[in-house]
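Chemist: Okay, so here is structure13.txt, and as you'll see once you scroll down, it has compact mmCIF, C-alpha atoms.
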```
# COMPACT_ATOMS: atom_id res chain seq x y z
CA MET A 215 61.02 -65.42 -181.61
CA LYS A 216 62.92 -63.12 -183.98
CA LYS A 217 63.17 -60.53 -181.22
CA ILE A 218 64.66 -63.08 -178.80
CA LEU A 219 67.18 -64.21 -181.43
CA LEU A 220 68.21 -60.62 -182.14
CA ILE A 221 68.65 -59.86 -178.43
CA THR A 222 70.70 -63.05 -178.00
CA LEU A 223 72.98 -62.10 -180.91
CA VAL A 224 73.49 -58.59 -179.55
CA LEU A 225 74.36 -59.94 -176.10
CA MET A 226 76.79 -62.46 -177.58
CA ALA A 227 78.49 -59.74 -179.61
CA ALA A 228 78.79 -57.57 -176.50
CA GLN A 229 80.35 -60.44 -174.56
CA ILE A 230 82.89 -61.13 -177.31
CA THR A 231 83.80 -57.44 -177.52
CA SER A 232 84.13 -57.00 -173.77
CA ALA A 233 86.08 -60.24 -173.39
CA GLN A 234 88.96 -58.97 -175.51
CA GLU A 235 92.07 -57.96 -173.65
CA TRP A 236 93.88 -54.68 -174.01
CA THR A 237 97.29 -55.25 -175.63
CA THR A 238 100.43 -53.34 -176.57
CA PRO A 239 101.79 -55.54 -179.35
CA ILE A 240 104.38 -53.24 -180.95
CA ILE A 241 105.30 -50.53 -178.43
CA GLU A 242 105.32 -52.83 -175.42
CA GLY A 243 103.60 -51.40 -172.37
CA TYR A 244 102.25 -48.24 -174.03
CA GLY A 245 99.31 -47.18 -176.20
CA LYS A 246 97.03 -50.09 -175.36
CA ILE A 247 94.51 -51.23 -177.96
CA LYS A 248 91.78 -53.77 -178.47
CA GLU A 249 91.62 -55.59 -181.77
CA PHE A 250 88.40 -55.55 -183.78
CA LYS A 251 88.36 -57.54 -187.01
CA ASP A 252 84.80 -56.88 -188.16
CA VAL A 253 84.67 -53.08 -188.09
CA ALA A 254 84.92 -50.48 -190.82
CA THR A 255 88.09 -48.54 -191.56
CA GLN A 256 90.93 -50.85 -190.71
CA PRO A 257 94.62 -50.07 -191.35
CA ASP A 258 95.54 -50.71 -195.00
CA ALA A 259 98.73 -52.76 -195.29
CA ASN A 260 99.19 -51.40 -198.83
CA LEU A 261 99.38 -47.76 -197.72
CA GLU A 262 102.37 -45.77 -196.56
CA TYR A 263 101.48 -43.94 -193.34
CA ASN A 264 103.14 -40.53 -193.18
CA LEU A 265 101.89 -38.94 -189.96
CA VAL A 266 102.82 -35.81 -188.04
CA PHE A 267 101.54 -35.47 -184.48
CA ASP A 268 100.94 -32.16 -182.69
CA VAL A 269 102.10 -33.04 -179.15
CA LYS A 270 101.33 -29.99 -177.01
CA ASP A 271 99.37 -31.17 -173.99
CA ASP A 272 100.74 -31.90 -170.53
CA ARG A 273 97.92 -34.31 -169.69
CA GLU A 274 98.75 -37.95 -169.03
CA MET A 275 97.32 -41.31 -170.04
CA ASP A 276 98.42 -44.39 -168.14
CA GLY A 277 101.14 -42.36 -166.42
CA VAL A 278 102.81 -40.89 -169.52
CA ASN A 279 102.27 -37.88 -171.76
CA ILE A 280 99.01 -38.35 -173.67
CA GLY A 281 100.49 -37.22 -177.00
CA LEU A 282 103.33 -39.71 -176.83
CA TRP A 283 100.83 -42.36 -175.68
CA LYS A 284 98.66 -41.66 -178.76
CA ILE A 285 101.65 -42.19 -181.04
CA ALA A 286 102.26 -45.58 -179.41
CA ARG A 287 98.57 -46.43 -179.85
CA VAL A 288 98.64 -45.64 -183.57
CA ILE A 289 101.78 -47.73 -184.02
CA ASN A 290 100.13 -50.63 -182.19
CA MET A 291 96.98 -50.38 -184.35
CA LEU A 292 98.99 -50.18 -187.58
CA GLY A 293 101.17 -53.14 -186.58
CA VAL A 294 98.20 -55.32 -185.69
CA GLY A 295 96.61 -54.24 -188.96
CA GLY A 296 99.52 -55.69 -190.91
CA VAL A 297 101.22 -52.42 -191.85
CA SER A 298 104.98 -52.94 -192.11
CA GLN A 299 107.21 -50.74 -189.97
CA ASP A 300 108.89 -49.71 -193.24
CA ASN A 301 105.59 -48.11 -194.28
CA VAL A 302 105.15 -46.09 -191.08
CA HIS A 303 106.80 -42.65 -190.92
CA ILE A 304 105.93 -40.60 -187.85
CA VAL A 305 107.12 -37.20 -186.72
CA ALA A 306 106.13 -35.58 -183.42
CA ALA A 307 106.13 -31.79 -183.02
CA ILE A 308 106.54 -31.43 -179.25
CA HIS A 309 105.80 -28.05 -177.68
CA GLY A 310 103.66 -26.20 -175.16
CA GLY A 311 102.82 -28.10 -172.00
CA ALA A 312 104.36 -31.29 -173.42
CA THR A 313 107.85 -29.75 -173.50
CA PHE A 314 108.69 -30.82 -169.95
CA ALA A 315 107.76 -34.43 -170.78
CA VAL A 316 110.91 -34.76 -172.88
CA LEU A 317 113.43 -33.56 -170.32
CA ASN A 318 116.36 -35.90 -169.71
CA ASP A 319 116.34 -37.91 -166.50
CA THR A 320 118.58 -35.51 -164.57
CA GLU A 321 116.56 -32.40 -165.43
CA TYR A 322 113.21 -34.12 -164.91
CA GLN A 323 114.35 -35.40 -161.51
CA GLU A 324 115.49 -31.91 -160.55
CA LYS A 325 112.20 -30.30 -161.64
CA TYR A 326 109.70 -32.92 -160.41
CA ASP A 327 111.69 -34.87 -157.81
CA LYS A 328 111.00 -38.15 -159.61
CA VAL A 329 112.22 -40.16 -162.57
CA ASN A 330 110.81 -39.12 -165.95
CA PRO A 331 107.91 -41.54 -166.57
CA ASN A 332 108.13 -40.76 -170.31
CA ALA A 333 111.78 -41.79 -170.77
CA GLU A 334 111.13 -45.44 -171.63
CA LEU A 335 108.32 -44.57 -174.05
CA ILE A 336 110.46 -41.89 -175.72
CA LYS A 337 113.23 -44.48 -176.17
CA LEU A 338 110.83 -47.09 -177.61
CA LEU A 339 109.29 -44.56 -180.03
CA HIS A 340 112.75 -43.43 -181.15
CA GLU A 341 113.87 -47.05 -181.66
CA TYR A 342 110.75 -47.65 -183.77
CA GLY A 343 111.77 -44.72 -185.97
CA VAL A 344 109.61 -41.86 -184.69
CA GLU A 345 111.27 -38.46 -185.10
CA LEU A 346 110.70 -36.57 -181.86
CA SER A 347 111.18 -32.87 -182.66
CA VAL A 348 111.09 -30.45 -179.75
CA CYS A 349 110.20 -26.80 -180.38
CA ALA A 350 113.19 -24.52 -179.67
CA GLN A 351 110.79 -21.63 -179.09
CA ALA A 352 109.06 -23.62 -176.34
CA THR A 353 112.33 -24.67 -174.75
CA ALA A 354 113.67 -21.10 -174.81
CA ALA A 355 110.47 -19.79 -173.21
CA ARG A 356 110.86 -22.37 -170.42
CA GLY A 357 114.59 -21.94 -169.83
CA ILE A 358 115.37 -25.41 -171.22
CA THR A 359 118.58 -25.99 -173.17
CA GLU A 360 119.19 -28.66 -175.78
CA ALA A 361 121.40 -30.47 -173.25
CA ASP A 362 118.38 -30.68 -170.90
CA LEU A 363 116.41 -32.78 -173.40
CA ASP A 364 116.13 -36.55 -173.63
CA PRO A 365 118.88 -37.79 -176.01
CA ASN A 366 116.24 -39.53 -178.16
CA THR A 367 114.79 -36.16 -179.19
CA GLU A 368 116.01 -33.43 -181.51
CA LEU A 369 115.61 -29.67 -181.34
CA ALA A 370 113.68 -28.00 -184.17
CA LEU A 371 113.30 -24.27 -184.83
CA SER A 372 109.64 -24.47 -183.91
CA ALA A 373 106.71 -26.85 -183.74
CA MET A 374 104.98 -24.64 -186.29
CA MET A 375 107.76 -25.28 -188.82
CA VAL A 376 107.70 -29.01 -188.16
CA LEU A 377 103.91 -29.15 -188.58
CA ALA A 378 103.90 -26.93 -191.68
CA ASN A 379 106.87 -28.57 -193.43
CA TYR A 380 105.62 -32.11 -192.96
CA GLN A 381 102.06 -31.29 -193.98
CA LEU A 382 103.37 -29.57 -197.10
CA ILE A 383 105.15 -32.77 -198.14
CA GLY A 384 102.05 -34.89 -197.60
CA TYR A 385 102.05 -35.98 -193.97
CA ALA A 386 98.62 -36.26 -192.33
CA LEU A 387 98.22 -34.16 -189.18
CA LEU A 388 97.07 -35.98 -186.06
CA PRO A 389 96.33 -34.17 -182.78
```
Hey, can you dump this file as structure tokens for me?

Modeler:
Amino acid sequence: MKKILLITLVLMAAQITSAQEWTTPIIEGYGKIKEFKDVATQPDANLEYNLVFDVKDDREMDGVNIGLWKIARVINMLGVGGVSQDNVHIVAAIHGGATFAVLNDTEYQEKYDKVNPNAELIKLLHEYGVELSVCAQATAARGITEADLDPNTELALSAMMVLANYQLIGYALLP
């Protein structure tokens, strides 16, 4: 009898978990999450989240750069967890294969013959307050000028300086 009850409870928990919908509550349309209330390690609404992301990959998730997508996901999780936007400070060090993801619409269209699928996400992240720093070393190596970049980004000397400087002042590094 105890075994049947345990199996029933496990199956019910699985149904509840799988029945939840994916949502994008803060950065609409990007970084989908599922909410889980009864799990360990939830966002702490009393903490200030100072995060620096190393965005270097050209892979995609849901049609956009995976690094930018991860930033949206973290923002969505923090927001659902009750963390105020005033307590979320995010910087992205964009370099390597991710550099082309932050081209402006004209340059992206010229290079890939399509509209930049990252443009809307970049705009939403910038509006939220994310600092999107693009490595000048990476742009120079790829023949990209500052004028070629999305206007919601800024050019930094290097991703290494962004990552080092922000970690030295207490930002947590996220890949």

Chemist: Restricting the calculation to only C-alpha atoms: of A:Ile308, A:Lys325, A:Ile289, A:Gly343, which residue gets closest to Ile240 in chain A?

Modeler: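 Closest to Ile240 in chain A of all the choices is A:Ile289.
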
Chemist: Between A:Leu339, A:Val316, A:Ala361, A:Leu346, which is the closest to Trp283 in chain A once you count only C-alpha atoms?

Modeler: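 Closest to Trp283 in chain A of all the choices is A:Leu339.
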
Chemist: Report, in Å with one decimal, the straight-line distance from CA of Met275 in chain A to CA of Gly384 in chain A.

Modeler: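 Distance between the two atoms: 28.7 Å.
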
Chemist: Pull the neighbourhood of (106.5, -38.2, -172.9) for me: all residues within 9 Å in file coordinates, counting only C-alpha atoms, as an MDAnalysis selection string.

Modeler: chainID A and resid 272 274 278:283 312:317 330:336

Chemist: For Glu262 in chain A, which of A:Leu369, A:Ala386, A:Ala286, A:Met374 is the closest residue, counting all atoms listed in the file?

Modeler: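 Among the listed residues, the smallest separation from Glu262 in chain A belongs to A:Ala386.
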
Chemist: Hey, can you check how far CA of Ile304 in chain A sits from CA of Glu345 in chain A?

Modeler: 6.4 Å

Chemist: Using only C-alpha atoms for the distances, tell me which of A:Asn290, A:Asn264, A:Thr353, A:Gln256 is nearest to Val305 in chain A.

Modeler: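 Closest to Val305 in chain A, using only C-alpha atoms: A:Asn264.
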
Chemist: With only C-alpha atoms as the atoms that count, which of A:Ile241, A:Asp252, A:Asp362, A:Ala373 lies nearest to Ile285 in chain A?

Modeler: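 Closest candidate: A:Ile241.
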
Chemist: What's the separation between CA of Gly293 in chain A and CA of Asp364 in chain A, in Å to one decimal place?

Modeler: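 Interatomic distance here is 25.8 Å.
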
Chemist: Tell me which of A:Met375, A:His309, A:Asp327, A:Glu368 sits closest to Arg356 in chain A, counting only C-alpha atoms.

Modeler: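 Going through A:Met375, A:His309, A:Asp327, A:Glu368 one by one, the smallest distance to Arg356 in chain A is for A:His309.
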
Chemist: Do you know which residues are at most 8 Å from Glu249 in chain A counting all atoms listed in the file, after dropping those on the same chain fewer than 4 positions away, and could you put them as an mmCIF file with C-alpha atoms, keeping the file's coordinate frame?

Modeler:
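Contents of part.cif, as written:
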```cif
data_model
loop_
_atom_site.group_PDB
_atom_site.id
_atom_site.type_symbol
_atom_site.label_atom_id
_atom_site.label_comp_id
_atom_site.auth_asym_id
_atom_site.auth_seq_id
_atom_site.Cartn_x
_atom_site.Cartn_y
_atom_site.Cartn_z
ATOM 1 C CA GLN A 234 88.960 -58.970 -175.510
ATOM 2 C CA MET A 291 96.980 -50.380 -184.350
ATOM 3 C CA VAL A 294 98.200 -55.320 -185.690
#
```
